[in-house]
>>> print(open('run-v1.pdb').read())   # PDB, C-alpha atoms and all ligand atoms
MODEL        1
ATOM      1  CA  ALA A   1       0.000   0.000   0.000
ATOM      2  CA  CYS A   2       1.535   3.257  -1.114
ATOM      3  CA  SER A   3      -0.100   5.447   1.522
ATOM      4  CA  SER A   4       0.791   3.279   4.490
ATOM      5  CA  GLY A   5       2.280   4.535   7.743
ATOM      6  CA  SER A   6       5.661   3.136   6.999
ATOM      7  CA  ASP A   7       6.533   4.021   3.427
ATOM      8  CA  ASP A   8       8.860   1.110   3.375
ATOM      9  CA  ASP A   9       7.677  -1.607   0.971
ATOM     10  CA  SER A  10       9.390  -4.339   2.933
ATOM     11  CA  THR A  11       7.218  -3.655   5.969
ATOM     12  CA  LEU A  12       3.634  -4.693   6.641
ATOM     13  CA  THR A  13       2.386  -2.323   9.339
ATOM     14  CA  VAL A  14      -0.282  -3.954  11.484
ATOM     15  CA  CYS A  15      -2.563  -1.962  13.784
ATOM     16  CA  THR A  16      -3.712  -3.804  16.875
ATOM     17  CA  ASN A  17      -4.817  -3.344  20.465
ATOM     18  CA  VAL A  18      -3.594  -5.542  23.325
ATOM     19  CA  PRO A  19      -4.259  -7.471  25.451
ATOM     20  CA  PHE A  20      -6.834  -9.498  23.542
ATOM     21  CA  VAL A  21      -5.901 -13.110  24.237
ATOM     22  CA  PRO A  22      -5.558 -15.402  22.357
ATOM     23  CA  PHE A  23      -5.657 -13.153  19.283
ATOM     24  CA  GLU A  24      -3.053 -10.533  20.234
ATOM     25  CA  TYR A  25      -1.034  -9.973  23.362
ATOM     26  CA  GLN A  26       2.526  -9.354  24.424
ATOM     27  CA  GLU A  27       4.856 -12.054  25.627
ATOM     28  CA  ASP A  28       8.510 -11.280  26.392
ATOM     29  CA  GLY A  29       8.158  -8.022  24.516
ATOM     30  CA  GLU A  30       6.811  -9.722  21.374
ATOM     31  CA  TYR A  31       3.333  -9.471  19.935
ATOM     32  CA  VAL A  32       1.909 -12.976  19.673
ATOM     33  CA  GLY A  33      -1.448 -14.658  19.113
ATOM     34  CA  PHE A  34      -3.785 -16.113  16.515
ATOM     35  CA  ASP A  35      -4.070 -12.825  14.593
ATOM     36  CA  MET A  36      -0.311 -12.270  14.749
ATOM     37  CA  ASP A  37       0.416 -15.724  13.283
ATOM     38  CA  LEU A  38      -1.976 -15.007  10.422
ATOM     39  CA  MET A  39      -0.339 -11.600   9.857
ATOM     40  CA  ASN A  40       3.075 -13.248   9.743
ATOM     41  CA  MET A  41       1.727 -15.613   7.086
ATOM     42  CA  LEU A  42       0.474 -12.632   5.102
ATOM     43  CA  ALA A  43       3.819 -10.879   5.441
ATOM     44  CA  ASP A  44       5.665 -14.019   4.273
ATOM     45  CA  ARG A  45       3.423 -14.176   1.246
ATOM     46  CA  LEU A  46       4.204 -10.524   0.441
ATOM     47  CA  ASP A  47       7.880 -10.852   1.254
ATOM     48  CA  GLN A  48       7.501  -8.335   4.021
ATOM     49  CA  THR A  49       8.124  -8.135   7.752
ATOM     50  CA  VAL A  50       5.404  -7.321  10.263
ATOM     51  CA  GLU A  51       5.705  -4.127  12.245
ATOM     52  CA  VAL A  52       3.035  -3.811  14.943
ATOM     53  CA  VAL A  53       1.449  -0.445  15.695
ATOM     54  CA  GLU A  54      -0.370  -0.499  19.017
ATOM     55  CA  ILE A  55      -3.281   1.902  19.001
ATOM     56  CA  SER A  56      -6.667   2.392  20.684
ATOM     57  CA  PHE A  57      -9.302  -0.116  19.616
ATOM     58  CA  ASP A  58     -11.679   2.741  18.984
ATOM     59  CA  SER A  59      -9.444   4.209  16.280
ATOM     60  CA  ILE A  60      -9.200   0.776  14.665
ATOM     61  CA  SER A  61     -12.910  -0.044  14.679
ATOM     62  CA  SER A  62     -13.909   3.404  13.422
ATOM     63  CA  GLY A  63     -11.595   3.047  10.443
ATOM     64  CA  GLU A  64      -9.774   6.199  11.535
ATOM     65  CA  ALA A  65      -6.346   4.610  11.992
ATOM     66  CA  LEU A  66      -6.379   2.791   8.655
ATOM     67  CA  ASN A  67      -7.769   5.622   6.637
ATOM     68  CA  ALA A  68      -5.255   8.064   8.136
ATOM     69  CA  GLY A  69      -2.531   5.733   6.860
ATOM     70  CA  THR A  70      -1.334   4.710  10.317
ATOM     71  CA  CYS A  71      -1.015   1.116   9.136
ATOM     72  CA  ASP A  72      -1.582  -1.153   6.149
ATOM     73  CA  ILE A  73      -3.891  -3.554   7.931
ATOM     74  CA  ALA A  74      -5.733  -3.997  11.215
ATOM     75  CA  ALA A  75      -5.615  -7.339  13.018
ATOM     76  CA  ALA A  76      -7.617  -6.906  16.196
ATOM     77  CA  GLY A  77     -10.273  -9.573  16.587
ATOM     78  CA  LEU A  78     -12.348  -7.090  14.663
ATOM     79  CA  SER A  79     -15.930  -8.212  14.135
ATOM     80  CA  ILE A  80     -17.323  -7.668  10.657
ATOM     81  CA  THR A  81     -20.243  -5.212  10.754
ATOM     82  CA  GLU A  82     -21.977  -3.265   7.998
ATOM     83  CA  GLU A  83     -20.660   0.015   9.400
ATOM     84  CA  ARG A  84     -17.094  -1.231   9.398
ATOM     85  CA  GLN A  85     -17.470  -2.673   5.901
ATOM     86  CA  ALA A  86     -18.518   0.786   4.765
ATOM     87  CA  ALA A  87     -15.606   2.507   6.506
ATOM     88  CA  MET A  88     -12.822   0.075   5.552
ATOM     89  CA  GLY A  89     -12.018  -2.871   3.332
ATOM     90  CA  MET A  90     -12.943  -5.969   5.354
ATOM     91  CA  SER A  91     -11.697  -9.478   4.574
ATOM     92  CA  GLN A  92     -13.643 -12.695   4.638
ATOM     93  CA  ALA A  93     -14.432 -14.119   8.069
ATOM     94  CA  TYR A  94     -11.803 -16.155   9.894
ATOM     95  CA  TYR A  95     -13.323 -16.651  13.355
ATOM     96  CA  ARG A  96     -16.836 -17.013  14.767
ATOM     97  CA  ALA A  97     -17.343 -15.105  18.033
ATOM     98  CA  ASP A  98     -19.893 -14.351  20.756
ATOM     99  CA  GLN A  99     -20.026 -12.058  23.776
ATOM    100  CA  ALA A 100     -19.901 -12.993  27.468
ATOM    101  CA  LEU A 101     -20.922 -11.514  30.802
ATOM    102  CA  VAL A 102     -18.133 -11.538  33.398
ATOM    103  CA  VAL A 103     -18.357 -10.545  37.076
ATOM    104  CA  PRO A 104     -16.083 -10.580  40.118
ATOM    105  CA  ASP A 105     -16.163 -13.854  42.093
ATOM    106  CA  GLY A 106     -18.962 -13.884  44.629
ATOM    107  CA  SER A 107     -21.079 -11.352  42.747
ATOM    108  CA  ALA A 108     -24.860 -11.662  42.978
ATOM    109  CA  VAL A 109     -25.055 -11.162  39.221
ATOM    110  CA  ALA A 110     -25.705 -14.452  37.415
ATOM    111  CA  THR A 111     -27.396 -13.236  34.228
ATOM    112  CA  LEU A 112     -28.215 -10.047  32.336
ATOM    113  CA  ASP A 113     -31.464  -9.928  34.329
ATOM    114  CA  ASP A 114     -29.519  -9.193  37.518
ATOM    115  CA  LEU A 115     -27.781  -6.077  36.173
ATOM    116  CA  SER A 116     -30.192  -3.420  37.389
ATOM    117  CA  GLY A 117     -28.152  -0.507  38.812
ATOM    118  CA  VAL A 118     -24.839  -2.207  37.994
ATOM    119  CA  GLN A 119     -21.944  -0.497  36.184
ATOM    120  CA  VAL A 120     -21.044  -2.593  33.153
ATOM    121  CA  ALA A 121     -17.567  -2.211  31.658
ATOM    122  CA  VAL A 122     -17.048  -2.455  27.896
ATOM    123  CA  GLN A 123     -14.209  -1.692  25.504
ATOM    124  CA  SER A 124     -14.539   1.610  23.666
ATOM    125  CA  GLY A 125     -15.538   1.114  20.037
ATOM    126  CA  SER A 126     -16.316  -2.592  20.418
ATOM    127  CA  THR A 127     -19.343  -4.633  19.452
ATOM    128  CA  GLY A 128     -19.635  -5.459  23.172
ATOM    129  CA  GLU A 129     -20.121  -1.745  23.791
ATOM    130  CA  ALA A 130     -22.780  -1.566  21.075
ATOM    131  CA  TYR A 131     -24.575  -4.595  22.544
ATOM    132  CA  ALA A 132     -24.375  -3.127  26.053
ATOM    133  CA  ASN A 133     -25.714   0.251  24.907
ATOM    134  CA  ASP A 134     -28.559  -1.355  22.978
ATOM    135  CA  ASN A 135     -29.705  -3.296  26.027
ATOM    136  CA  ALA A 136     -28.912  -0.866  28.878
ATOM    137  CA  GLU A 137     -32.433   0.448  29.193
ATOM    138  CA  GLN A 138     -34.043  -2.981  29.192
ATOM    139  CA  TYR A 139     -31.819  -4.320  31.988
ATOM    140  CA  GLY A 140     -31.314  -1.032  33.831
ATOM    141  CA  TYR A 141     -27.510  -0.970  33.999
ATOM    142  CA  GLU A 142     -25.015   1.794  33.281
ATOM    143  CA  VAL A 143     -22.377   1.355  30.563
ATOM    144  CA  VAL A 144     -18.816   2.431  31.368
ATOM    145  CA  ALA A 145     -16.336   2.443  28.470
ATOM    146  CA  PHE A 146     -12.641   1.577  28.953
ATOM    147  CA  GLU A 147      -9.675   1.890  26.604
ATOM    148  CA  SER A 148      -8.423  -1.657  26.907
ATOM    149  CA  MET A 149      -9.377  -5.139  28.081
ATOM    150  CA  GLY A 150      -6.562  -4.875  30.634
ATOM    151  CA  ASP A 151      -8.205  -1.795  32.157
ATOM    152  CA  ILE A 152     -11.525  -3.648  32.304
ATOM    153  CA  ALA A 153     -10.007  -6.623  34.132
ATOM    154  CA  SER A 154      -8.362  -4.262  36.639
ATOM    155  CA  ALA A 155     -11.592  -2.333  37.245
ATOM    156  CA  LEU A 156     -13.510  -5.579  37.801
ATOM    157  CA  SER A 157     -10.898  -6.908  40.203
ATOM    158  CA  ALA A 158     -10.819  -3.608  42.085
ATOM    159  CA  GLY A 159     -14.606  -3.603  42.279
ATOM    160  CA  THR A 160     -14.995  -0.197  40.629
ATOM    161  CA  VAL A 161     -17.403  -1.810  38.139
ATOM    162  CA  GLY A 162     -19.735  -4.739  38.770
ATOM    163  CA  ALA A 163     -19.680  -6.561  35.445
ATOM    164  CA  SER A 164     -18.333  -6.562  31.908
ATOM    165  CA  ILE A 165     -19.554  -7.551  28.469
ATOM    166  CA  ALA A 166     -16.847  -8.424  25.941
ATOM    167  CA  ASP A 167     -15.810 -11.195  23.545
ATOM    168  CA  LEU A 168     -16.305 -14.732  24.892
ATOM    169  CA  ALA A 169     -13.048 -16.391  23.795
ATOM    170  CA  THR A 170     -10.996 -13.523  25.196
ATOM    171  CA  TRP A 171     -12.800 -13.626  28.520
ATOM    172  CA  GLN A 172     -12.478 -17.413  28.701
ATOM    173  CA  GLN A 173      -8.708 -17.109  28.462
ATOM    174  CA  MET A 174      -8.381 -13.883  30.479
ATOM    175  CA  ILE A 175     -10.133 -15.255  33.548
ATOM    176  CA  GLU A 176      -7.554 -18.019  33.700
ATOM    177  CA  THR A 177      -4.849 -15.462  34.492
ATOM    178  CA  ALA A 178      -6.795 -12.508  35.936
ATOM    179  CA  SER A 179      -7.872 -14.202  39.125
ATOM    180  CA  GLY A 180     -11.097 -13.388  40.924
ATOM    181  CA  LEU A 181     -13.299 -13.175  37.839
ATOM    182  CA  THR A 182     -16.117 -15.486  36.745
ATOM    183  CA  LEU A 183     -17.797 -15.871  33.386
ATOM    184  CA  VAL A 184     -21.498 -16.215  34.178
ATOM    185  CA  GLN A 185     -23.310 -15.977  30.841
ATOM    186  CA  THR A 186     -22.604 -16.461  27.154
ATOM    187  CA  ILE A 187     -24.413 -13.940  24.973
ATOM    188  CA  GLU A 188     -24.820 -15.344  21.473
ATOM    189  CA  THR A 189     -24.219 -12.575  18.970
ATOM    190  CA  ALA A 190     -22.843 -14.723  16.120
ATOM    191  CA  GLU A 191     -20.081 -12.311  15.110
ATOM    192  CA  HIS A 192     -17.288 -13.010  12.659
ATOM    193  CA  TYR A 193     -13.797 -11.577  12.829
ATOM    194  CA  GLY A 194     -12.175 -10.178   9.721
ATOM    195  CA  PHE A 195      -8.998  -8.248   8.918
ATOM    196  CA  ALA A 196      -9.384  -4.650   7.768
ATOM    197  CA  VAL A 197      -7.447  -2.652   5.189
ATOM    198  CA  GLN A 198      -7.661   0.930   3.964
ATOM    199  CA  LYS A 199     -10.905   1.515   2.118
ATOM    200  CA  ASP A 200      -9.546   1.382  -1.414
ATOM    201  CA  ASP A 201      -6.708  -1.060  -0.933
ATOM    202  CA  THR A 202      -8.244  -3.902  -2.958
ATOM    203  CA  GLU A 203      -4.778  -5.205  -3.751
ATOM    204  CA  LEU A 204      -3.963  -5.964  -0.125
ATOM    205  CA  LEU A 205      -7.530  -7.132   0.513
ATOM    206  CA  ASP A 206      -7.187  -9.733  -2.247
ATOM    207  CA  GLU A 207      -3.917 -10.911  -0.715
ATOM    208  CA  VAL A 208      -5.474 -11.314   2.758
ATOM    209  CA  ASN A 209      -8.394 -13.267   1.346
ATOM    210  CA  ALA A 210      -6.044 -15.448  -0.697
ATOM    211  CA  MET A 211      -3.845 -16.038   2.367
ATOM    212  CA  LEU A 212      -6.934 -17.138   4.333
ATOM    213  CA  ASP A 213      -8.186 -19.371   1.492
ATOM    214  CA  ALA A 214      -4.788 -21.076   1.332
ATOM    215  CA  ALA A 215      -4.689 -21.499   5.129
ATOM    216  CA  PHE A 216      -8.214 -22.951   5.209
ATOM    217  CA  GLU A 217      -7.307 -25.403   2.446
ATOM    218  CA  ASP A 218      -3.858 -26.596   3.459
ATOM    219  CA  GLY A 219      -4.646 -27.203   7.131
ATOM    220  CA  THR A 220      -2.575 -24.291   8.470
ATOM    221  CA  TYR A 221      -5.661 -22.521   9.735
ATOM    222  CA  ALA A 222      -6.841 -25.667  11.548
ATOM    223  CA  GLU A 223      -3.419 -26.006  13.154
ATOM    224  CA  LEU A 224      -3.442 -22.404  14.327
ATOM    225  CA  TYR A 225      -6.997 -22.738  15.600
ATOM    226  CA  GLU A 226      -5.969 -25.762  17.639
ATOM    227  CA  LYS A 227      -2.856 -23.974  18.896
ATOM    228  CA  TRP A 228      -4.610 -20.802  20.065
ATOM    229  CA  ILE A 229      -8.227 -21.737  20.729
ATOM    230  CA  GLY A 230      -8.171 -25.494  21.353
ATOM    231  CA  GLU A 231     -10.891 -27.829  20.059
TER
HETATM  232  N1  LIG A 301     -14.771  -8.308  18.450
HETATM  233  C1  LIG A 301     -15.045  -7.080  19.107
HETATM  234  C2  LIG A 301     -15.213  -5.964  18.111
HETATM  235  O1  LIG A 301     -14.875  -6.088  16.986
HETATM  236  C3  LIG A 301     -13.970  -6.691  20.109
HETATM  237  C4  LIG A 301     -12.586  -6.713  19.564
HETATM  238  C5  LIG A 301     -11.590  -6.107  20.527
HETATM  239  N2  LIG A 301     -10.262  -6.293  20.024
HETATM  240  C6  LIG A 301      -9.141  -5.926  20.653
HETATM  241  N3  LIG A 301      -7.991  -6.174  20.067
HETATM  242  N4  LIG A 301      -9.191  -5.356  21.821
HETATM  243  O2  LIG A 301     -15.677  -4.925  18.424
ENDMDL
END
>>> encode(input="run-v1.pdb", output="structure tokens")
Amino acid sequence: ACSSGSDDDSTLTVCTNVPFVPFEYQEDGEYVGFDMDLMNMLADRLDQTVEVVEISFDSISSGEALNAGTCDIAAAGLSITEERQAAMGMSQAYYRADQALVVPDGSAVATLDDLSGVQVAVQSGSTGEAYANDNAEQYGYEVVAFESMGDIASALSAGTVGASIADLATWQQMIETASGLTLVQTIETAEHYGFAVQKDDTELLDEVNAMLDAAFEDGTYAELYEKWIGE
């Protein structure tokens, strides 16, 4: 992409937001995860090297970061929505996702029905935030937006918020390490993750889709799925 953040053709600049296990997070100073492995495959295919640009999720999901040329591609567990398809170039789906309700251990909240008067943490710009806003009136809770999933986990542990709604797979893995949190309800939203490119970058979009097709066909995708998600 000619208008990318790094004008260097040997670099694939990838916008992401961490932590979002198992899709993107840092380990020993490196960005790793399901999305990162797929981005490395794309870079290999293009004879490029990945350079990660960490940025707010909000600026990724709005299309702002990509369309300002901050990066060539966004890999952020980004759910495909009509709005996002209009703002950016979105690839084919590579992961099926849902939302989940998480609370501190010992909370009286067991389902969405128990959220009256509760402060519910969401990530800014996420589909979890949209879901929470759409249903706030019905369940009588207050939505509080945070910059990152790490901030949400901290707020829940500290008790400054009473619950959170965010992506199921991420919560399932996060509660294993962020102690004191319980996943109480799965909220089926049937989302699909896709990678996003600058609106008119059909060239890179074709490459991402071709990379995914090849990975689906040759078993690489299945291997990565097993590695990062399990069965
Ligand atoms: N799948 C959700 C969305 O697209 C949340 C993704 C959050 N990703 C992240 N890297 N924090 O809105």
>>> resolve_selection(input="run-v1.pdb", expression="the PyMOL selection byres (((not hetatm)) within 9 of (chain A and resi 301))", output="number ranges by chain")
A: 16-21, 23-25, 56-58, 60-61, 75-81, 97-99, 123-130, 147-149, 166-167, 170, 191-194
>>> closest_residue(input="run-v1.pdb", among="A:Ala110, A:Ile152, A:Met88, A:Leu42", to="Ala68 in chain A", atoms="only C-alpha atoms")
A:Met88
>>> residues_around(input="run-v1.pdb", residues="Thr182 in chain A", least_positions_apart="4", cutoff="6 Å", atoms="all atoms listed in the file", output="PyMOL selection string")
chain A and resi 102-105
>>> atom_distance(input="run-v1.pdb", atom1="CA of Tyr131 in chain A", atom2="CA of Gly69 in chain A")
29.0 Å
>>> axis_aligned_box(input="run-v1.pdb", around="range 144-151 of chain A", padding_each_side="4 Å", output="JSON")
{"center_x": -12.7, "center_y": -1.3, "center_z": 29.4, "size_x": 20.3, "size_y": 15.6, "size_z": 13.6}
>>> atom_distance(input="run-v1.pdb", atom1="CA of Leu38 in chain A", atom2="CA of Ser179 in chain A")
29.3 Å
>>> closest_residue(input="run-v1.pdb", among="A:Asn67, A:Thr49, A:Gly230, A:Ala93", to="Phe216 in chain A", atoms="only C-alpha atoms")
A:Ala93
>>> resolve_selection(input="run-v1.pdb", expression="the PyMOL selection byres (((chain A and resi 158) around 12) and not hetatm)", output="JSON, numbers by chain")
{"A": [103, 104, 105, 151, 152, 153, 154, 155, 156, 157, 159, 160, 161, 162, 163, 178, 179, 180, 181]}
>>> residues_around(input="run-v1.pdb", residues="Ser164 in chain A", least_positions_apart="2", cutoff="6 Å", atoms="only C-alpha atoms", output="mmCIF file with C-alpha atoms, in the coordinates of the input")
data_model
loop_
_atom_site.group_PDB
_atom_site.id
_atom_site.type_symbol
_atom_site.label_atom_id
_atom_site.label_comp_id
_atom_site.auth_asym_id
_atom_site.auth_seq_id
_atom_site.Cartn_x
_atom_site.Cartn_y
_atom_site.Cartn_z
ATOM 1 C CA LEU A 101 -20.922 -11.514 30.802
ATOM 2 C CA VAL A 102 -18.133 -11.538 33.398
ATOM 3 C CA VAL A 120 -21.044 -2.593 33.153
ATOM 4 C CA ALA A 121 -17.567 -2.211 31.658
ATOM 5 C CA VAL A 122 -17.048 -2.455 27.896
#
>>> resolve_selection(input="run-v1.pdb", expression="the PyMOL selection byres (((chain A and resi 50) around 7) and not hetatm)", output="PyMOL selection string")
chain A and resi 11-14+40+43+48-49+51-52
>>> residues_near_point(input="run-v1.pdb", point="(-20.3, -16.0, 25.2)", cutoff="6 Å", atoms="only C-alpha atoms", output="list in words")
Asp98, Gln99, Ala100, Leu168, Thr186, Ile187 and Glu188 of chain A
>>> atom_distance(input="run-v1.pdb", atom1="CA of Ala108 in chain A", atom2="CA of Arg96 in chain A")
29.8 Å
>>> residues_around(input="run-v1.pdb", residues="range 207-209 of chain A", least_positions_apart="6", cutoff="10 Å", atoms="only C-alpha atoms", output="list in words")
Leu38, Met39, Met41, Leu42, Ala43, Arg45, Leu46, Ile73, Met90, Ser91, Gln92, Ala93, Tyr94, Gly194, Phe195, Ala196, Val197 and Ala215 of chain A
>>> decode(input="run-v1.pdb", residues="range 79-107 of chain A", atoms="N, CA and C atoms", output="short mmCIF file (atom, residue, chain, number, x, y, z; two decimals), in the first residue's frame")
data_model
loop_
_atom_site.label_atom_id
_atom_site.label_comp_id
_atom_site.auth_asym_id
_atom_site.auth_seq_id
_atom_site.Cartn_x
_atom_site.Cartn_y
_atom_site.Cartn_z
N SER A 79 -14.71 -7.61 14.66
CA SER A 79 -15.93 -8.21 14.14
C SER A 79 -16.38 -7.48 12.88
N ILE A 80 -16.84 -8.26 11.91
CA ILE A 80 -17.32 -7.67 10.66
C ILE A 80 -18.73 -7.11 10.90
N THR A 81 -18.91 -5.83 10.65
CA THR A 81 -20.24 -5.21 10.75
C THR A 81 -20.45 -4.40 9.48
N GLU A 82 -21.69 -4.06 9.20
CA GLU A 82 -21.98 -3.26 8.00
C GLU A 82 -21.28 -1.91 8.05
N GLU A 83 -21.30 -1.29 9.23
CA GLU A 83 -20.66 0.01 9.40
C GLU A 83 -19.17 -0.05 9.08
N ARG A 84 -18.54 -1.08 9.61
CA ARG A 84 -17.09 -1.23 9.40
C ARG A 84 -16.79 -1.58 7.95
N GLN A 85 -17.67 -2.35 7.32
CA GLN A 85 -17.47 -2.67 5.90
C GLN A 85 -17.58 -1.42 5.05
N ALA A 86 -18.37 -0.47 5.51
CA ALA A 86 -18.52 0.79 4.76
C ALA A 86 -17.31 1.69 4.98
N ALA A 87 -16.71 1.61 6.17
CA ALA A 87 -15.61 2.51 6.51
C ALA A 87 -14.25 2.01 6.02
N MET A 88 -14.12 0.67 5.87
CA MET A 88 -12.82 0.08 5.55
C MET A 88 -13.02 -1.06 4.56
N GLY A 89 -11.92 -1.64 4.11
CA GLY A 89 -12.02 -2.87 3.33
C GLY A 89 -11.94 -4.02 4.32
N MET A 90 -12.97 -4.88 4.38
CA MET A 90 -12.94 -5.97 5.35
C MET A 90 -12.82 -7.32 4.64
N SER A 91 -11.95 -8.15 5.17
CA SER A 91 -11.70 -9.48 4.57
C SER A 91 -12.85 -10.43 4.83
N GLN A 92 -12.71 -11.63 4.30
CA GLN A 92 -13.64 -12.70 4.64
C GLN A 92 -13.46 -13.05 6.12
N ALA A 93 -14.45 -13.75 6.66
CA ALA A 93 -14.43 -14.12 8.07
C ALA A 93 -13.39 -15.20 8.35
N TYR A 94 -12.74 -15.10 9.52
CA TYR A 94 -11.80 -16.16 9.89
C TYR A 94 -12.05 -16.70 11.29
N TYR A 95 -13.04 -16.13 12.02
CA TYR A 95 -13.32 -16.65 13.35
C TYR A 95 -14.74 -16.28 13.76
N ARG A 96 -15.46 -17.24 14.33
CA ARG A 96 -16.84 -17.01 14.77
C ARG A 96 -16.84 -16.69 16.26
N ALA A 97 -17.43 -15.56 16.64
CA ALA A 97 -17.34 -15.11 18.03
C ALA A 97 -18.70 -14.77 18.65
N ASP A 98 -18.73 -14.79 19.99
CA ASP A 98 -19.89 -14.35 20.76
C ASP A 98 -19.42 -13.43 21.87
N GLN A 99 -20.35 -12.90 22.63
CA GLN A 99 -20.03 -12.06 23.78
C GLN A 99 -20.21 -12.86 25.07
N ALA A 100 -19.72 -12.32 26.18
CA ALA A 100 -19.90 -12.99 27.47
C ALA A 100 -20.03 -11.96 28.57
N LEU A 101 -20.75 -12.34 29.61
CA LEU A 101 -20.92 -11.51 30.80
C LEU A 101 -19.99 -12.04 31.89
N VAL A 102 -19.12 -11.16 32.38
CA VAL A 102 -18.13 -11.54 33.40
C VAL A 102 -18.31 -10.66 34.63
N VAL A 103 -18.19 -11.27 35.81
CA VAL A 103 -18.36 -10.54 37.08
C VAL A 103 -17.25 -10.96 38.04
N PRO A 104 -17.05 -10.15 39.10
CA PRO A 104 -16.08 -10.58 40.12
C PRO A 104 -16.63 -11.81 40.85
N ASP A 105 -15.74 -12.68 41.31
CA ASP A 105 -16.16 -13.85 42.09
C ASP A 105 -17.07 -13.40 43.23
N GLY A 106 -18.10 -14.18 43.49
CA GLY A 106 -18.96 -13.88 44.63
C GLY A 106 -20.04 -12.85 44.34
N SER A 107 -20.07 -12.34 43.11
CA SER A 107 -21.08 -11.35 42.75
C SER A 107 -22.47 -11.98 42.75
#
